[in-house]
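Read through the structure below, which is laid out as structure tokens, and then see the notes.
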Amino acid sequence: MHSDRMKKGMHRAPARAMLKATGLSDEDIARPLVAVVNTWSEVTPCNLHLRELAVPLKDGVRAAGGTPIEFNTILVTDGIAMGSEGMQASLMSRETIADSIELAVRGHCLDAVVILVGCDKTLPAAAMALARLDRPGLVLYGGSIMPGRHHELAITIQDVFEAVGACAAGRMDEAELGEIENSACPGAGACGGQFTANTMAQALTVLGLSPMGANDVPAVHPDKPEQARRCGELVMEMFRRGDSARDLITTDSLRNAATVVTATAGSTNAILHLLAIAREAGQPFDIDEFDRIARETPVITDLKPGGRFMAPDLFAAGGTALVLKELAAAGKLSDTATCTGQALFASFADVQASENQQVVKPVAQPFKPRGGFGILYGKLAPEGCVIKLAGHGRLQHSGPARVFDGEDAAFEAVQAGRINPGDVVVIRYEGPRGGPGMREMLAVTAALVGQGLSDSVALVTDGRFSGATYGFMIGHVSPEAADGGPLALLAEGDTVTIDVDARTLSTDADLESRRRHWQPRPPAATQGVYARYIAQVSSASTGATTAFPFDQVRDKTTAKPAGKAAGEFAAKTLQGA
């Protein structure tokens, strides 16, 4: 056992003495010591209930012969930070959470790990930490919030953001906005659509890091505590088998996860996170995988933000298992290992769809013929970018650039009614380094929806989008503007053309003639965690991680990746031009 290094032998008496001060007995200490890492916080409904959920989880560990040791870590809540400077901390928190889990487990020589997660960044951070630690471990998602109600309609936090835009446009009064605000979030649980948390909860199940069905159970459902207990028992089974999280995170399981994300029109943040998880696990997996998978995989669920239903509706219909069963029947998945010791296909073989369910369709009868996102290159994105295709059917758009240096200026313009149909809203200097932290643009995109512009404008940014975003939106543009990427050279009124079939984001403007006049901005921070993040973070096209050593290290004076990626960069740049 790893923990023997800390607890065994005469010279470890001081360590045992301190463990006994916490209430552990000699028998407790002799057992495998299992880290129960909690992301509980009272700042958000997403993680509010995780303190209580840890109790049956630890009971399961004890019942299966282990001794649970609980830790807590931080989180930054996207829904609260959205639209403010606090949103800069969101993606950075993914790295801090993963780092803190690694440090706590390694620092105490613990034998296995169970991680309780809720809000968006806690899910990928958990998987990243397990990949680093390479020891028995799994993840339990706290579950979705239940729908709110407004005039007998089911609503989510997405509707609150969109109501802000509607109110600014005069399509709703402040009294109704207040009613929606007061009823959208009825209690504990993460945001209810196929936004980032629920998207990543499914991805973790498909990667094999969560047992089938456990993440689907809503936060306040009476079955959730039993799922927690089951996870406590399962981690001990993993320990006895000698299974590691790295045994589960493979190129095949990553492709499966990407397939489910696109088949459910899930959050584009999953692209960033799966790239980061692959990198931590040392698995070959790049951004182009997502485009290939999306072109071959239709959307087979009718989930918000582009559809009608929410995560609790999917749970009632048959859950993630039903989605996987349909995809496997069409030959879209590989059979891979899971944390239960059971193969993936066996884990959903017995699922039955609920009677008259309307949430999931067969692959042959999809809601949309192609997946929920695409990867584009071209003159404006030599390293690539991500287009979100959920909620609309457009594959081309061309229009004048409306250029804003930062989200706040763009939001002000939208709220003031200065954006017109046909425009391409460009928000730059919001990338991993430039933001810093790659803020999500939900305030802007929801305001466009609220003003009735979502079907007639496009948005392009080196930042990213909330899972609740829908419309013709392009994010993760790389290289980012802060690195001298092409967005930094774009001017107001330049024509921007988006072509999904051709995989291009382009302009006819002579950008290079402007380069000699461009000056990099001073860094947004010169001390503390923000400054360290700016100095270390990789391109969004490789997951925006701070992991070392980098397999692709950027030359930040030219914004070009060095080493083995240089040839690919040059080829894609020439092709895009």
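Chain labels follow the order of the structure tokens: the first chain is A, the next B, and so on; residue numbering restarts at 1 in every chain, and ligands are counted from 1 in their shown order.
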### Message
Taking 5 positions as the minimum chain separation for residues in the same chain, which residues sit within 9 Å of segment 482-487 of chain A when counting only C-alpha atoms? Answer as a PyMOL selection string.
### Response
chain A and resi 379-382+426-435+461-462+477+511-512+515+518-521+523+556-560
Same residues, C-alpha atoms, output as a PDB file, in the first residue's frame:
ATOM      1  CA  LYS A 379      -6.711  32.668 -42.044  1.00  0.00           C
ATOM      2  CA  LEU A 380      -8.239  33.704 -38.703  1.00  0.00           C
ATOM      3  CA  ALA A 381      -7.528  30.450 -36.833  1.00  0.00           C
ATOM      4  CA  PRO A 382      -4.286  28.775 -37.985  1.00  0.00           C
ATOM      5  CA  VAL A 426     -15.629  39.592 -32.589  1.00  0.00           C
ATOM      6  CA  ILE A 427     -14.486  39.496 -28.953  1.00  0.00           C
ATOM      7  CA  ARG A 428     -10.709  39.301 -28.600  1.00  0.00           C
ATOM      8  CA  TYR A 429      -8.091  39.394 -25.837  1.00  0.00           C
ATOM      9  CA  GLU A 430     -10.175  36.864 -23.882  1.00  0.00           C
ATOM     10  CA  GLY A 431      -7.960  33.812 -24.514  1.00  0.00           C
ATOM     11  CA  PRO A 432      -6.109  31.720 -21.926  1.00  0.00           C
ATOM     12  CA  ARG A 433      -3.279  34.266 -21.606  1.00  0.00           C
ATOM     13  CA  GLY A 434      -5.009  37.425 -22.768  1.00  0.00           C
ATOM     14  CA  GLY A 435      -8.083  37.296 -20.539  1.00  0.00           C
ATOM     15  CA  THR A 461     -13.839  34.895 -29.849  1.00  0.00           C
ATOM     16  CA  ASP A 462     -10.563  33.585 -28.489  1.00  0.00           C
ATOM     17  CA  VAL A 477      -9.714  30.798 -31.692  1.00  0.00           C
ATOM     18  CA  LEU A 511      -3.906  41.275 -41.992  1.00  0.00           C
ATOM     19  CA  GLU A 512      -0.146  40.950 -42.435  1.00  0.00           C
ATOM     20  CA  ARG A 515       1.231  43.344 -38.198  1.00  0.00           C
ATOM     21  CA  TRP A 518       0.643  45.732 -33.686  1.00  0.00           C
ATOM     22  CA  GLN A 519       2.105  45.818 -30.197  1.00  0.00           C
ATOM     23  CA  PRO A 520       1.503  43.105 -27.595  1.00  0.00           C
ATOM     24  CA  ARG A 521      -0.406  44.218 -24.549  1.00  0.00           C
ATOM     25  CA  PRO A 523       0.260  41.089 -19.134  1.00  0.00           C
ATOM     26  CA  LYS A 556       5.173  33.323 -27.390  1.00  0.00           C
ATOM     27  CA  THR A 557       6.876  35.927 -29.582  1.00  0.00           C
ATOM     28  CA  THR A 558       5.461  34.352 -32.745  1.00  0.00           C
ATOM     29  CA  ALA A 559       2.418  32.510 -31.362  1.00  0.00           C
ATOM     30  CA  LYS A 560       3.587  29.385 -33.193  1.00  0.00           C
TER      31      LYS A 560
END
Closest-contact table, segment 201-238 of chain A side, partner segment 325-336 of chain A, 10 Å, counting only C-alpha atoms, as a Markdown table:
| residue | atom | partner | partner_atom | distance |
| --- | --- | --- | --- | --- |
| A:Val206 | CA | A:Thr336 | CA | 8.7 |
| A:Leu207 | CA | A:Thr336 | CA | 8.2 |
| A:Gly208 | CA | A:Thr336 | CA | 7.8 |
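The space separating atom CA of Ala228 of chain A from atom CA of Cys46 of chain A comes to 16.0 Å.
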### Query
For Ala154 of chain A, which residue out of A:Asp313, A:Asp243, A:Asp134, A:Glu176 is the nearest one, using only C-alpha atoms?
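Of A:Asp313, A:Asp243, A:Asp134, A:Glu176, the one nearest Ala154 of chain A, counting only C-alpha atoms, is A:Asp313.
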### Message
If I take atom CA of Ile534 of chain A and atom CA of Ala245 of chain A, how far is one from the other in Å, to one decimal?
### Response
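Atom-to-atom, atom CA of Ile534 of chain A and atom CA of Ala245 of chain A are spaced 29.3 Å apart.
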### Message
Under the rule that only C-alpha atoms are counted, which of A:Leu489, A:Gly399, A:Leu322, A:Gln88 is the nearest residue to Gln202 of chain A?
### Response
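Closest to Gln202 of chain A of all the choices is A:Leu322.
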### Atom-to-atom span, atom CA of Ala364 of chain A and atom CA of Ala321 of chain A, Å
17.8 Å
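Residues of segment 250-356 of chain A that DSSP places in strand (DSSP E or B), based on the backbone of this structure, are Val299, Thr301, Leu303 and Phe309 of chain A.
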### Selected residue of minimal separation from Phe373 of chain A among A:Val55, A:Cys385, A:Ala104, A:Val217, counting only C-alpha atoms
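Between A:Val55, A:Cys385, A:Ala104, A:Val217, the residue approaching Phe373 of chain A most closely is A:Cys385.
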### Message
Considering only helix (DSSP H, G or I) as DSSP defines it on the backbone, what residues of segment 261-392 of chain A qualify? List them as a count of residues only.
### Response
48
### Task
Determine the nearest neighbour of Ser183 of chain A from the options A:Ile157, A:Val117, A:Ala265, A:Ala343, counting only C-alpha atoms.
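For Ser183 of chain A, the nearest of the candidates is A:Ile157.
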As a short mmCIF file (atom, residue, chain, number, x, y, z; two decimals) with N, CA, C and O atoms, in the first residue's frame, please: the residues near Leu103 of chain A (cut-off 10 Å, only C-alpha atoms, same-chain neighbours under 6 positions excluded).
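Once everything was written out, this is around_25.cif:
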data_model
loop_
_atom_site.label_atom_id
_atom_site.label_comp_id
_atom_site.auth_asym_id
_atom_site.auth_seq_id
_atom_site.Cartn_x
_atom_site.Cartn_y
_atom_site.Cartn_z
N ILE A 97 -7.62 23.05 -8.73
CA ILE A 97 -8.32 21.90 -8.13
C ILE A 97 -7.54 20.62 -8.39
O ILE A 97 -7.31 19.82 -7.48
N CYS A 109 0.35 9.99 1.07
CA CYS A 109 0.60 8.60 0.62
C CYS A 109 -0.67 7.76 0.65
O CYS A 109 -0.66 6.62 1.15
N ALA A 129 -6.63 15.00 -12.23
CA ALA A 129 -5.88 14.58 -11.04
C ALA A 129 -5.73 13.07 -10.99
O ALA A 129 -4.66 12.54 -10.68
N LEU A 133 -2.26 10.87 -10.84
CA LEU A 133 -1.96 10.04 -9.68
C LEU A 133 -1.74 8.59 -10.04
O LEU A 133 -0.99 7.87 -9.37
#
### Task
Name the closest residue to Gly282 of chain A among the candidates A:Val37, A:Ile115, A:Ala544, A:Leu254; distances are taken between atoms, counting only C-alpha atoms.
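Between A:Val37, A:Ile115, A:Ala544, A:Leu254, the residue approaching Gly282 of chain A most closely is A:Leu254.
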### Query
Using only C-alpha atoms, which of A:Leu442, A:Leu490, A:Ala35, A:Ala547 sits nearest Thr96 of chain A?
A:Ala547
Identify, on the basis of only C-alpha atoms, every residue whose closest approach to segment 72-74 of chain A does not exceed 9 Å; exclude the query and any residue fewer than 6 positions from it along the same chain; express the result as a PDB file with N, CA, C and O atoms, in the first residue's frame.
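As a result, out.pdb now contains:
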ATOM      1  N   VAL A  36     -11.202  10.840   0.222  1.00  0.00           N
ATOM      2  CA  VAL A  36     -12.517  11.289  -0.242  1.00  0.00           C
ATOM      3  C   VAL A  36     -12.374  12.791  -0.445  1.00  0.00           C
ATOM      4  O   VAL A  36     -12.374  13.566   0.506  1.00  0.00           O
ATOM      5  N   VAL A  37     -12.204  13.187  -1.702  1.00  0.00           N
ATOM      6  CA  VAL A  37     -11.961  14.599  -2.016  1.00  0.00           C
ATOM      7  C   VAL A  37     -13.289  15.256  -2.333  1.00  0.00           C
ATOM      8  O   VAL A  37     -13.991  14.865  -3.268  1.00  0.00           O
ATOM      9  N   ASN A  38     -13.630  16.252  -1.544  1.00  0.00           N
ATOM     10  CA  ASN A  38     -14.918  16.918  -1.668  1.00  0.00           C
ATOM     11  C   ASN A  38     -14.717  18.310  -2.255  1.00  0.00           C
ATOM     12  O   ASN A  38     -13.748  19.003  -1.925  1.00  0.00           O
ATOM     13  N   THR A  39     -15.626  18.718  -3.126  1.00  0.00           N
ATOM     14  CA  THR A  39     -15.616  20.092  -3.645  1.00  0.00           C
ATOM     15  C   THR A  39     -16.814  20.858  -3.087  1.00  0.00           C
ATOM     16  O   THR A  39     -17.308  21.784  -3.722  1.00  0.00           O
ATOM     17  N   TRP A  40     -17.236  20.475  -1.886  1.00  0.00           N
ATOM     18  CA  TRP A  40     -18.373  21.136  -1.246  1.00  0.00           C
ATOM     19  C   TRP A  40     -18.122  22.624  -1.061  1.00  0.00           C
ATOM     20  O   TRP A  40     -17.018  23.066  -0.760  1.00  0.00           O
ATOM     21  N   SER A  41     -19.185  23.403  -1.257  1.00  0.00           N
ATOM     22  CA  SER A  41     -19.157  24.831  -0.962  1.00  0.00           C
ATOM     23  C   SER A  41     -20.586  25.308  -0.794  1.00  0.00           C
ATOM     24  O   SER A  41     -21.500  24.772  -1.432  1.00  0.00           O
ATOM     25  N   SER A  93      -9.183  27.771 -12.135  1.00  0.00           N
ATOM     26  CA  SER A  93      -9.512  26.934 -10.977  1.00  0.00           C
ATOM     27  C   SER A  93      -9.427  25.453 -11.312  1.00  0.00           C
ATOM     28  O   SER A  93      -9.148  24.636 -10.427  1.00  0.00           O
ATOM     29  N   THR A  96      -5.968  24.530 -10.441  1.00  0.00           N
ATOM     30  CA  THR A  96      -5.754  24.571  -8.993  1.00  0.00           C
ATOM     31  C   THR A  96      -6.419  23.397  -8.293  1.00  0.00           C
ATOM     32  O   THR A  96      -5.859  22.804  -7.364  1.00  0.00           O
ATOM     33  N   ILE A  97      -7.621  23.048  -8.730  1.00  0.00           N
ATOM     34  CA  ILE A  97      -8.323  21.905  -8.134  1.00  0.00           C
ATOM     35  C   ILE A  97      -7.536  20.619  -8.392  1.00  0.00           C
ATOM     36  O   ILE A  97      -7.309  19.817  -7.477  1.00  0.00           O
ATOM     37  N   SER A 100      -4.427  20.607  -6.256  1.00  0.00           N
ATOM     38  CA  SER A 100      -4.666  20.411  -4.822  1.00  0.00           C
ATOM     39  C   SER A 100      -5.016  18.960  -4.511  1.00  0.00           C
ATOM     40  O   SER A 100      -4.616  18.422  -3.476  1.00  0.00           O
ATOM     41  N   ILE A 101      -5.767  18.309  -5.420  1.00  0.00           N
ATOM     42  CA  ILE A 101      -6.073  16.888  -5.225  1.00  0.00           C
ATOM     43  C   ILE A 101      -4.786  16.067  -5.274  1.00  0.00           C
ATOM     44  O   ILE A 101      -4.533  15.217  -4.411  1.00  0.00           O
ATOM     45  N   THR A 122     -14.875  21.393 -11.661  1.00  0.00           N
ATOM     46  CA  THR A 122     -14.516  20.329 -10.727  1.00  0.00           C
ATOM     47  C   THR A 122     -14.509  18.962 -11.410  1.00  0.00           C
ATOM     48  O   THR A 122     -13.758  18.069 -11.003  1.00  0.00           O
TER      49      THR A 122
END
